[in-house]
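J.: Below is the file target_13.cif, which contains mmCIF, C-alpha atoms.
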data_start
loop_
_atom_site.label_atom_id
_atom_site.label_comp_id
_atom_site.auth_asym_id
_atom_site.auth_seq_id
_atom_site.Cartn_x
_atom_site.Cartn_y
_atom_site.Cartn_z
CA MET A 1 66.01 48.67 73.52
CA ASN A 2 67.21 47.05 70.31
CA GLU A 3 70.40 48.16 68.54
CA ARG A 4 68.56 50.26 65.93
CA THR A 5 66.65 52.32 68.50
CA LEU A 6 69.75 53.07 70.60
CA PRO A 7 70.89 56.73 70.67
CA ASN A 8 74.42 55.83 69.49
CA PRO A 9 74.41 52.58 67.49
CA GLY A 10 77.85 51.06 66.99
CA TRP A 11 79.32 52.25 70.30
CA GLY A 12 79.04 48.89 72.06
CA PRO A 13 78.05 49.25 75.73
CA LEU A 14 78.02 53.06 75.33
CA SER A 15 75.35 52.88 72.59
CA ALA A 16 72.53 53.33 75.08
CA LEU A 17 73.81 56.69 76.38
CA PRO A 18 72.31 59.91 74.97
CA GLY A 19 74.55 62.57 73.41
CA ASN A 20 78.27 62.04 72.84
CA PRO A 21 79.26 58.69 74.44
CA LEU A 22 82.82 59.88 75.12
CA MET A 23 81.46 62.75 77.19
CA TRP A 24 79.84 60.15 79.46
CA VAL A 25 83.19 58.44 79.89
CA LEU A 26 84.62 61.80 80.94
CA ILE A 27 81.71 62.42 83.33
CA LEU A 28 82.19 59.00 84.92
CA SER A 29 85.93 59.48 85.33
CA GLU A 30 85.54 63.01 86.75
CA MET A 31 82.97 61.75 89.25
CA LEU A 32 85.39 59.03 90.34
CA VAL A 33 88.28 61.51 90.70
CA PHE A 34 86.21 63.93 92.77
CA SER A 35 84.81 61.06 94.86
CA ALA A 36 88.36 60.00 95.68
CA PHE A 37 89.13 63.56 96.84
CA PHE A 38 85.92 63.61 98.88
CA ALA A 39 86.97 60.36 100.57
CA LEU A 40 90.36 61.89 101.39
CA TYR A 41 88.64 64.97 102.79
CA ALA A 42 86.38 62.78 104.94
CA ALA A 43 89.35 60.86 106.30
CA GLU A 44 91.27 64.05 107.11
CA ARG A 45 88.21 65.52 108.76
CA VAL A 46 87.91 62.53 111.08
CA ALA A 47 91.59 62.92 111.98
CA ALA A 48 91.33 66.67 112.70
CA THR A 49 87.67 67.43 113.46
CA ALA A 50 88.29 70.50 115.64
CA LEU A 51 90.59 72.09 113.04
CA PHE A 52 88.11 71.45 110.23
CA ASP A 53 85.21 72.84 112.31
CA ALA A 54 87.12 75.98 113.20
CA SER A 55 88.27 76.53 109.61
CA GLN A 56 84.82 75.90 108.12
CA ARG A 57 83.52 78.85 110.15
CA GLU A 58 85.61 81.13 107.94
CA LEU A 59 83.61 80.17 104.84
CA ASP A 60 80.45 81.97 103.78
CA PRO A 61 77.73 79.37 103.03
CA LEU A 62 75.51 82.08 101.51
CA MET A 63 78.12 82.83 98.84
CA GLY A 64 78.40 79.11 98.12
CA GLY A 65 74.61 78.82 97.98
CA LEU A 66 74.34 81.80 95.67
CA ASN A 67 76.91 80.22 93.38
CA THR A 68 74.88 76.99 93.39
CA LEU A 69 71.77 78.88 92.28
CA VAL A 70 73.77 80.69 89.58
CA LEU A 71 75.31 77.49 88.21
CA LEU A 72 72.00 75.59 88.20
CA THR A 73 70.35 78.43 86.28
CA SER A 74 73.24 78.44 83.85
CA GLY A 75 72.63 74.69 83.42
CA LEU A 76 68.99 75.39 82.58
CA CYS A 77 70.06 77.90 79.90
CA VAL A 78 72.40 75.38 78.31
CA ALA A 79 69.69 72.69 78.35
CA LEU A 80 67.33 75.15 76.65
CA ALA A 81 70.08 75.81 74.09
CA VAL A 82 70.07 72.06 73.29
CA GLU A 83 66.29 72.17 72.85
CA ALA A 84 66.62 75.20 70.57
CA VAL A 85 69.39 73.77 68.39
CA SER A 86 67.42 70.52 67.99
CA ALA A 87 64.52 72.59 66.68
CA GLY A 88 66.88 74.33 64.23
CA ARG A 89 66.60 77.69 66.00
CA ILE A 90 70.23 78.79 65.77
CA ARG A 91 69.75 82.40 66.85
CA ARG A 92 67.80 81.33 69.96
CA THR A 93 70.45 78.67 70.67
CA ARG A 94 73.16 81.32 70.69
CA GLN A 95 71.08 83.52 72.97
CA TRP A 96 70.71 80.68 75.50
CA LEU A 97 74.40 79.86 75.23
CA GLY A 98 75.22 83.54 75.81
CA ALA A 99 73.02 83.61 78.91
CA SER A 100 74.67 80.45 80.15
CA MET A 101 78.15 81.90 79.66
CA GLY A 102 77.11 85.14 81.38
CA LEU A 103 76.00 83.16 84.43
CA GLY A 104 79.21 81.13 84.29
CA VAL A 105 81.19 84.36 84.42
CA LEU A 106 79.04 85.51 87.36
CA PHE A 107 79.94 82.26 89.14
CA GLY A 108 83.60 83.12 88.55
CA VAL A 109 83.15 86.66 89.88
CA ILE A 110 81.50 85.38 93.08
CA LYS A 111 84.22 82.75 93.52
CA GLY A 112 86.91 85.35 92.86
CA THR A 113 85.37 87.68 95.47
CA GLU A 114 85.38 84.80 97.93
CA TYR A 115 89.03 83.96 97.20
CA ALA A 116 90.03 87.64 97.47
CA GLY A 117 88.35 87.89 100.87
CA LYS A 118 90.17 84.81 102.11
CA PHE A 119 93.55 85.97 100.84
CA ALA A 120 92.98 89.44 102.36
CA ALA A 121 92.37 87.70 105.69
CA GLY A 122 95.67 85.86 105.29
CA ILE A 123 93.98 82.52 104.55
CA THR A 124 95.92 80.61 101.91
CA PRO A 125 96.12 76.95 100.80
CA GLU A 126 99.05 76.57 103.22
CA THR A 127 97.05 77.77 106.23
CA ASN A 128 95.95 74.25 107.19
CA ALA A 129 94.63 70.96 105.78
CA PHE A 130 91.04 72.22 105.53
CA PHE A 131 92.02 75.21 103.42
CA GLY A 132 94.30 73.00 101.36
CA PHE A 133 91.20 71.00 100.45
CA TYR A 134 89.05 74.10 100.08
CA TYR A 135 91.37 75.79 97.62
CA GLY A 136 92.38 72.56 95.92
CA LEU A 137 88.85 71.27 95.29
CA THR A 138 87.27 74.62 94.41
CA ALA A 139 90.17 75.66 92.16
CA PHE A 140 90.10 72.29 90.37
CA HIS A 141 86.37 72.76 89.87
CA PHE A 142 86.93 76.36 88.76
CA ALA A 143 89.40 75.15 86.13
CA HIS A 144 86.53 73.02 84.77
CA VAL A 145 84.28 76.11 84.75
CA LEU A 146 86.86 78.01 82.67
CA PHE A 147 87.25 75.10 80.25
CA GLY A 148 83.46 74.80 80.05
CA LEU A 149 83.16 78.50 79.24
CA ALA A 150 85.69 78.08 76.43
CA LEU A 151 83.71 75.09 75.10
CA LEU A 152 80.44 77.04 75.21
CA ALA A 153 82.10 79.94 73.36
CA LEU A 154 83.39 77.51 70.75
CA VAL A 155 79.97 75.96 70.11
CA THR A 156 78.36 79.40 70.00
CA TRP A 157 80.65 80.00 67.03
CA ARG A 158 80.39 76.50 65.52
CA THR A 159 76.75 75.81 66.30
CA SER A 160 75.50 72.32 65.50
CA THR A 161 73.31 69.89 67.41
CA GLU A 162 76.19 67.53 68.15
CA ASN A 163 78.54 70.32 69.26
CA VAL A 164 75.98 72.00 71.52
CA GLU A 165 74.94 68.65 73.07
CA THR A 166 78.57 67.81 73.83
CA ALA A 167 79.42 71.18 75.39
CA ALA A 168 76.14 71.08 77.35
CA ALA A 169 77.01 67.66 78.80
CA PHE A 170 80.37 69.03 79.99
CA TRP A 171 78.66 72.06 81.55
CA HIS A 172 76.13 69.85 83.36
CA MET A 173 79.01 67.79 84.73
CA VAL A 174 80.50 71.01 86.16
CA ASP A 175 77.06 71.61 87.77
CA LEU A 176 76.93 68.09 89.16
CA ILE A 177 80.37 68.29 90.78
CA TRP A 178 79.51 71.65 92.39
CA ILE A 179 76.23 70.22 93.75
CA LEU A 180 78.29 67.59 95.61
CA LEU A 181 81.08 69.98 96.60
CA TYR A 182 78.86 72.66 98.13
CA PRO A 183 77.44 70.68 101.09
CA LEU A 184 80.78 68.98 101.72
CA LEU A 185 82.73 72.22 102.17
CA TYR A 186 80.12 74.76 103.23
CA LEU A 187 77.09 73.14 104.81
CA LEU A 188 77.97 69.98 106.73
CA ARG A 189 79.46 71.26 109.94
CA MET B 1 69.15 61.96 68.38
CA THR B 2 67.24 61.00 71.50
CA THR B 3 64.02 62.43 72.86
CA LEU B 4 64.87 65.62 74.72
CA PRO B 5 63.24 66.50 78.06
CA GLY B 6 61.23 69.44 76.67
CA THR B 7 61.02 73.01 77.94
CA ARG B 8 58.28 72.34 80.48
CA ARG B 9 60.15 69.49 82.13
CA LEU B 10 63.38 71.53 82.16
CA LEU B 11 61.69 74.46 83.86
CA THR B 12 60.02 72.19 86.43
CA THR B 13 63.35 70.55 87.17
CA TRP B 14 65.09 73.92 87.49
CA ALA B 15 62.43 75.10 89.96
CA MET B 16 62.89 71.87 91.92
CA LEU B 17 66.69 72.27 91.97
CA MET B 18 66.44 75.86 93.16
CA GLY B 19 63.95 74.85 95.85
CA LEU B 20 66.11 71.97 97.05
CA THR B 21 69.15 74.27 97.21
CA LEU B 22 67.19 76.67 99.39
CA VAL B 23 66.01 73.74 101.54
CA SER B 24 69.66 72.68 101.97
CA MET B 25 70.67 76.20 102.96
CA VAL B 26 67.85 76.49 105.48
CA SER B 27 68.49 72.96 106.78
CA ALA B 28 72.06 73.97 107.42
CA LEU B 29 70.66 76.83 109.51
CA LEU B 30 72.34 79.59 107.58
CA ASP B 31 70.23 82.09 109.42
CA ALA B 32 71.70 81.08 112.77
CA ASP B 33 73.71 83.91 114.33
CA ASP B 34 76.08 81.66 116.17
CA TRP B 35 78.10 78.87 114.59
CA ARG B 36 77.21 75.44 115.88
CA ALA B 37 77.28 71.85 114.69
CA LEU B 38 74.22 70.76 112.73
CA PRO B 39 71.70 68.45 114.35
CA LEU B 40 71.90 65.05 112.66
CA TRP B 41 68.41 65.38 111.12
CA SER B 42 69.50 68.61 109.49
CA ALA B 43 72.70 67.09 108.10
CA GLY B 44 70.63 64.15 106.84
CA LEU B 45 68.26 66.52 105.08
CA VAL B 46 71.18 68.33 103.41
CA VAL B 47 72.61 65.02 102.12
CA ALA B 48 69.18 63.78 100.96
CA ALA B 49 68.44 67.06 99.13
CA THR B 50 71.87 66.91 97.49
CA GLY B 51 71.25 63.35 96.32
CA PHE B 52 67.88 64.23 94.85
CA LYS B 53 69.38 67.26 93.08
CA ALA B 54 72.14 65.14 91.56
CA GLN B 55 69.59 62.53 90.44
CA ARG B 56 67.38 65.16 88.78
CA LEU B 57 70.36 66.77 87.08
CA LEU B 58 71.48 63.42 85.67
CA MET B 59 68.02 62.35 84.51
CA VAL B 60 66.75 65.63 83.08
CA TYR B 61 69.57 68.10 82.37
CA LEU B 62 71.87 65.30 81.14
CA ASN B 63 68.89 63.36 79.77
CA LEU B 64 70.09 60.08 81.28
CA ARG B 65 66.42 59.00 81.44
CA ALA B 66 66.85 58.10 77.74
CA ALA B 67 69.52 55.51 78.63
CA THR B 68 69.11 51.90 79.73
CA PRO B 69 68.37 51.05 83.39
CA ALA B 70 71.93 49.69 83.72
CA TRP B 71 73.49 53.07 82.89
CA LYS B 72 70.99 54.93 85.03
CA GLY B 73 71.85 52.61 87.90
CA THR B 74 75.58 53.08 87.35
CA PHE B 75 75.47 56.86 87.55
CA VAL B 76 72.90 57.10 90.31
CA GLY B 77 74.82 54.40 92.20
CA LEU B 78 78.00 56.44 91.93
CA VAL B 79 76.22 59.52 93.25
CA ILE B 80 74.86 57.48 96.17
CA LEU B 81 78.33 56.07 96.87
CA THR B 82 79.78 59.58 96.87
CA LEU B 83 77.08 60.80 99.24
CA VAL B 84 77.65 57.82 101.54
CA LEU B 85 81.34 58.75 101.66
CA ILE B 86 80.52 62.37 102.43
CA GLY B 87 77.86 61.46 104.99
CA ALA B 88 79.94 58.77 106.69
CA GLY B 89 82.96 61.07 106.98
CA TYR B 90 80.78 63.75 108.50
CA LEU B 91 79.03 61.34 110.88
CA VAL B 92 82.23 59.72 112.16
CA ALA B 93 83.81 63.14 112.71
CA ARG B 94 80.70 64.33 114.54
CA LEU B 95 80.41 61.27 116.77
CA THR B 96 84.08 60.94 117.61
CA GLY B 97 85.17 64.60 117.52
#
Could you show the structure in this file as structure tokens?
T.:
Amino acid sequence: MNERTLPNPGWGPLSALPGNPLMWVLILSEMLVFSAFFALYAAERVAATALFDASQRELDPLMGGLNTLVLLTSGLCVALAVEAVSAGRIRRTRQWLGASMGLGVLFGVIKGTEYAGKFAAGITPETNAFFGFYYGLTAFHFAHVLFGLALLALVTWRTSTENVETAAAFWHMVDLIWILLYPLLYLLR
Amino acid sequence: MTTLPGTRRLLTTWAMLMGLTLVSMVSALLDADDWRALPLWSAGLVVAATGFKAQRLLMVYLNLRAATPAWKGTFVGLVILTLVLIGAGYLVARLTG
């Protein structure tokens, strides 16, 4: 690839990345932060395997799986919004962004139902180390979902190719982190 | 502006991601009535499906396929490293617990 054919000429080593290069820096740093938490989780699990196994039984893997399907479908809608805005179809772009936000809200409702069930059963972040990680990691991820929803709302209002591409990249990062989080907390037992 | 994946490729990828999620859920024996530790092959399948999902999401949804091999390698390498951490933590806990 020569400099003129790069997606972002003038950005040095980041020139070869598609979309907003700074969003890729954010994605890389978020992946590193979550990986560090995953490593901590793994170490704690080794130190207290029986506790983690017993606590993991309290989670509902079907709810987590349903949320994975919802978030991945929301990611598809946002990717289709990028296709639409690139073709200059603003109305269709907003429709896809609306669908994506609707699914993001559904993710939040499912997560909220899950949290409510846990709190009703007396399970809080202070219950034990496993639930400290469970609430900590999922709430940190959920904060990203809320920020992503705000970004999507913003670009639905200020619709341009660059804006939609940037918000979409953030939303896909939220997807990516959840894809890694789901098996760690819910499936691998 | 880079070449976008196109609607057809996005839909194919979405179908693949949904399928792999269902494979992960079934591999983790969600239909089992009683709670028990996963057989190692099943845990391996869950980790492999997760890795493939992350790779597809990076390449198609995030359109990383338009980047240079060095960047593709960096991000896919980081996903692999993360999965190795997850898998190793699980394996050590399983074998020593």
J.: Could you tell me, as a PDB file with C-alpha atoms, in the coordinates of the input, exactly which residues end up selected when the PyMOL selection byres ((chain B) within 6 of (chain A)) is applied to this structure?
T.:
ATOM      1  CA  MET B   1      69.150  61.960  68.380  1.00  0.00           C
ATOM      2  CA  THR B   2      67.240  61.000  71.500  1.00  0.00           C
ATOM      3  CA  ALA B  28      72.060  73.970 107.420  1.00  0.00           C
ATOM      4  CA  ALA B  37      77.280  71.850 114.690  1.00  0.00           C
ATOM      5  CA  LEU B  38      74.220  70.760 112.730  1.00  0.00           C
ATOM      6  CA  ALA B  67      69.520  55.510  78.630  1.00  0.00           C
ATOM      7  CA  THR B  68      69.110  51.900  79.730  1.00  0.00           C
ATOM      8  CA  THR B  82      79.780  59.580  96.870  1.00  0.00           C
ATOM      9  CA  LEU B  85      81.340  58.750 101.660  1.00  0.00           C
ATOM     10  CA  GLY B  89      82.960  61.070 106.980  1.00  0.00           C
ATOM     11  CA  ALA B  93      83.810  63.140 112.710  1.00  0.00           C
ATOM     12  CA  GLY B  97      85.170  64.600 117.520  1.00  0.00           C
TER      13      GLY B  97
END
J.: With a distance cut-off of 7 Å and only C-alpha atoms, select the neighbouring residues of range 16-26 of chain B, excluding the residue or stretch itself and same-chain residues fewer than 4 positions from it, and output the selection as a list in words.
T.: Gly65 and Leu69 of chain A; Thr12, Leu30, Val46, Ala49 and Lys53 of chain B
J.: At a cut-off of 9 Å, using all atoms listed in the file, what residues contact Gly136 in chain A? Leave out same-chain residues fewer than 5 positions from it and give the result as a ChimeraX atom specification.
T.: /A:125,131,141
J.: With distances taken over only C-alpha atoms, which of A:Met63, A:Glu58, A:Leu152, A:Phe147 is nearest to Lys111 in chain A?
T.: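 Residue with the minimum atom-to-atom distance to Lys111 in chain A: A:Met63.
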J.: Given the PyMOL selection byres ((chain B and resi 80) around 12) and the file above, list the residues it selects as a VMD selection string.
T.: (chain A and resid 31 35 180) or (chain B and resid 47 to 55 73 to 79 81 to 88)
J.: Take the residues from that selection and put them in a file with C-alpha atoms, as a short mmCIF file (atom, residue, chain, number, x, y, z; two decimals), in the frame of the given file.
T.:
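So out.cif came out as:
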data_model
loop_
_atom_site.label_atom_id
_atom_site.label_comp_id
_atom_site.auth_asym_id
_atom_site.auth_seq_id
_atom_site.Cartn_x
_atom_site.Cartn_y
_atom_site.Cartn_z
CA MET A 31 82.97 61.75 89.25
CA SER A 35 84.81 61.06 94.86
CA LEU A 180 78.29 67.59 95.61
CA VAL B 47 72.61 65.02 102.12
CA ALA B 48 69.18 63.78 100.96
CA ALA B 49 68.44 67.06 99.13
CA THR B 50 71.87 66.91 97.49
CA GLY B 51 71.25 63.35 96.32
CA PHE B 52 67.88 64.23 94.85
CA LYS B 53 69.38 67.26 93.08
CA ALA B 54 72.14 65.14 91.56
CA GLN B 55 69.59 62.53 90.44
CA GLY B 73 71.85 52.61 87.90
CA THR B 74 75.58 53.08 87.35
CA PHE B 75 75.47 56.86 87.55
CA VAL B 76 72.90 57.10 90.31
CA GLY B 77 74.82 54.40 92.20
CA LEU B 78 78.00 56.44 91.93
CA VAL B 79 76.22 59.52 93.25
CA LEU B 81 78.33 56.07 96.87
CA THR B 82 79.78 59.58 96.87
CA LEU B 83 77.08 60.80 99.24
CA VAL B 84 77.65 57.82 101.54
CA LEU B 85 81.34 58.75 101.66
CA ILE B 86 80.52 62.37 102.43
CA GLY B 87 77.86 61.46 104.99
CA ALA B 88 79.94 58.77 106.69
#
J.: With all atoms listed in the file counted, which protein, DNA or RNA residues have an atom no more than 10 Å from (78.3, 76.3, 68.2) in the file frame? Please answer as a ChimeraX atom specification.
T.: /A:85,90,93-94,97,151-165,167
J.: Build an axis-aligned box that encloses every atom of range 79-87 of chain B listed in the file, pad it by 8 Å on each side, and report its centre and edge lengths in Å to one decimal, as AutoDock Vina command-line options.
T.:
--center_x 78.1 --center_y 59.2 --center_z 99.1 --size_x 22.5 --size_y 22.3 --size_z 27.7
J.: Between A:Gly122, A:Gly112, A:Gly132, A:Gly104, which is the closest to His144 in chain A once you count all atoms listed in the file?
T.: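 Checking each of A:Gly122, A:Gly112, A:Gly132, A:Gly104 against His144 in chain A, counting all atoms listed in the file, the winner is A:Gly104.
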